[in-house]
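In what follows, a single structure is set out as structure tokens and then discussed.
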Amino acid sequence: MENIKGIIFDYGGTIDSHGDHWSEVIWDGYRHVGVRGVDKATFRDAYVHGERTLAREYHITPDDNFHVLLSKKMSIQMDWLVDGGYVSADDAARWAEPIALYCYERARACADEARPILEALASRYPMVLVSNFYGNVEAVLEDFDLRRFFDTIVESAVVGVRKPDPRIFALGVEALGLRPDEVLVVGDSFRKDIEPALSLGCRVAWLKGKGWTAEEDAVTHPSVISGLADLMAML
């Protein structure tokens with residue numbers, strides 16, 4: 001990785017879940033608290049419903065940290081499962097917050113692990129965060145003590161461009177004031193992070209975990225890293 005002068009990080013899935021798609025973390029939460037009557041296919045439908053609801057309706061406020069965000073997500077998912085007759089209202093009310101807390105603690109542990117790596121990299125390179133998020137990523141970063149490592153935040157809900165549109169990464173490159181070939185993009189999604197970054201001429205590092213689809217899981221690429229700590233040896 002010669003001539004790298006700046007780094008763009010994705011957030012969700014990259015810094016907070018070891019590269020795993022967040023549906024997998026939440027599914028682990030369902031199993032952790034003992035949710036009954038919901039198979040994985042039904043869960044995935046509930047997950048998609050929740051994401052579409054959050055994209056369509058104003059639920060998340062800029063001050064919501066990740067625990068609050070997850071609590072709202074679980075409420076929307078559980079309401080859908082109750083309406084579909086998969087779980088009872090009493091069970092939904094009993095399960096929602098423990099799932100949110102389980103997922104929040106998973107994210108906090110990942111953030112704690114990532115923090116010294118980000119601190120070391122930020123001492124050597126200007127860094128920008130480029131994320132598809134709900135308008136509250138600054139509050140999430142502050143809660144996890146990560147905001148201080150990024151000179152600029154480019155958030156989809158704020159700038160009006162979403163991955164995999166390369167324009168959102170172009171905004172990150174512009175914020176760094178560098179040429180694309182001088183920028184390393186670190187992300188967990190081949191389709192949403194790696195492909196658009198490559199299309200701009202950026203260098204890439206793919207933190208590959210469990211993806212949303214079997215097709216993405218089957219993709220291979222020479223930029224794969226096993227963890228954020230690998231960046232320290234690369235740069």
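All residue names refer to the structure tokens as shown: chains lettered A, B, ... in order, residues numbered from 1 in each chain, ligands numbered from 1 in order.
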- Considering only C-alpha atoms, return as a list in words whatever protein or nucleic-acid residues lie within 8 Å of stretch 87-93 of chain A, sequence-local ones (same chain, fewer than 2 positions apart) excluded. Arg36, Gly37, Val38, Met78, Asp79, Leu81, Val82, Gly84, Gly85, Trp95, Ala96 and Glu97 of chain A
Report as a Markdown table: every residue of stretch 106-166 of chain A with an atom at most 7 Å from stretch 6-18 of chain A, its closest pair of atoms, and their distance in Å to one decimal, counting only C-alpha atoms, with rows sorted by chain and ascending residue number.
| residue | atom | partner | partner_atom | distance |
| --- | --- | --- | --- | --- |
| A:Ala107 | CA | A:Asp16 | CA | 4.7 |
| A:Cys110 | CA | A:Asp16 | CA | 5.0 |
| A:Ala111 | CA | A:Asp16 | CA | 5.6 |
| A:Ala114 | CA | A:Ile15 | CA | 6.4 |
| A:Tyr125 | CA | A:Gly6 | CA | 5.1 |
| A:Pro126 | CA | A:Gly6 | CA | 5.1 |
| A:Met127 | CA | A:Ile7 | CA | 4.8 |
| A:Val128 | CA | A:Ile8 | CA | 4.8 |
| A:Leu129 | CA | A:Phe9 | CA | 4.8 |
| A:Val130 | CA | A:Asp10 | CA | 5.2 |
| A:Ser131 | CA | A:Asp10 | CA | 5.3 |
- Task: Name all residues at most 10 Å from A:Ala205 (count only C-alpha atoms; drop same-chain ones fewer than 5 positions away) and give them as a list in words.
- Result: Phe9, Leu184, Val185, Val186, Gly187, Asp188, Phe190, Asp193, Ile194, His221, Pro222, Ser223, Val224, Ile225, Ser226, Gly227, Leu228, Asp230, Leu231 and Met234 of chain A
- helix (DSSP H, G or I) per DSSP on the backbone: members of stretch 73-156 of chain A, as a PyMOL selection string: chain A and resi 73-83+89-122+137-143+147-149+156
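Take the candidates A:Leu54, A:Glu142, A:Leu171, A:Asp20 and check each one against A:Ser189 using only C-alpha atoms; the shortest distance goes to A:Asp20.
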- Determine, counting only C-alpha atoms, which protein, DNA and RNA residues have an atom within 8 Å of an atom of A:Val173; residues of the same chain fewer than 5 positions away are not included. Present the result as a ChimeraX atom specification. /A:8,178-180,183
Take the residues from that selection and write them out as a JSON list (two decimals), in the first residue's frame, keeping N, CA, C and O atoms.
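Contents of out_13.json, as written:
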[["chain", "number", "residue", "atom", "x", "y", "z"],
["A", 8, "ILE", "N", -10.51, 6.41, 3.99],
["A", 8, "ILE", "CA", -11.96, 6.50, 4.15],
["A", 8, "ILE", "C", -12.44, 5.20, 4.79],
["A", 8, "ILE", "O", -12.15, 4.12, 4.29],
["A", 178, "LEU", "N", -7.39, 14.83, -1.70],
["A", 178, "LEU", "CA", -6.39, 13.96, -2.31],
["A", 178, "LEU", "C", -6.88, 13.41, -3.63],
["A", 178, "LEU", "O", -8.07, 13.52, -3.96],
["A", 179, "ARG", "N", -5.97, 12.81, -4.39],
["A", 179, "ARG", "CA", -6.38, 12.06, -5.57],
["A", 179, "ARG", "C", -6.95, 10.72, -5.14],
["A", 179, "ARG", "O", -6.53, 10.16, -4.10],
["A", 180, "PRO", "N", -7.88, 10.13, -5.90],
["A", 180, "PRO", "CA", -8.44, 8.83, -5.52],
["A", 180, "PRO", "C", -7.37, 7.76, -5.30],
["A", 180, "PRO", "O", -7.50, 6.95, -4.37],
["A", 183, "VAL", "N", -5.98, 7.38, -1.81],
["A", 183, "VAL", "CA", -6.94, 7.13, -0.74],
["A", 183, "VAL", "C", -7.22, 5.63, -0.61],
["A", 183, "VAL", "O", -7.48, 4.95, -1.61]]
Neighbours of A:Asn65 within 9 Å (only C-alpha atoms; same-chain residues fewer than 2 positions away dropped), as a short mmCIF file (atom, residue, chain, number, x, y, z; two decimals) with C-alpha atoms, in the first residue's frame?
data_model
loop_
_atom_site.label_atom_id
_atom_site.label_comp_id
_atom_site.auth_asym_id
_atom_site.auth_seq_id
_atom_site.Cartn_x
_atom_site.Cartn_y
_atom_site.Cartn_z
CA PRO A 62 -29.79 13.09 15.33
CA ASP A 63 -29.19 12.68 19.08
CA HIS A 67 -28.76 1.76 21.89
CA VAL A 68 -31.71 4.06 21.25
CA LEU A 69 -31.54 3.31 17.52
CA LEU A 70 -31.55 -0.43 18.15
CA ASN A 136 -27.39 10.08 13.82
CA VAL A 137 -23.99 8.58 13.07
CA GLU A 138 -22.26 11.48 14.86
CA ALA A 139 -24.13 10.62 18.08
CA VAL A 140 -23.22 6.95 17.66
CA LEU A 141 -19.55 7.78 17.17
CA GLU A 142 -19.51 10.12 20.16
CA ASP A 143 -21.10 7.47 22.39
CA PHE A 144 -18.41 4.96 21.39
#
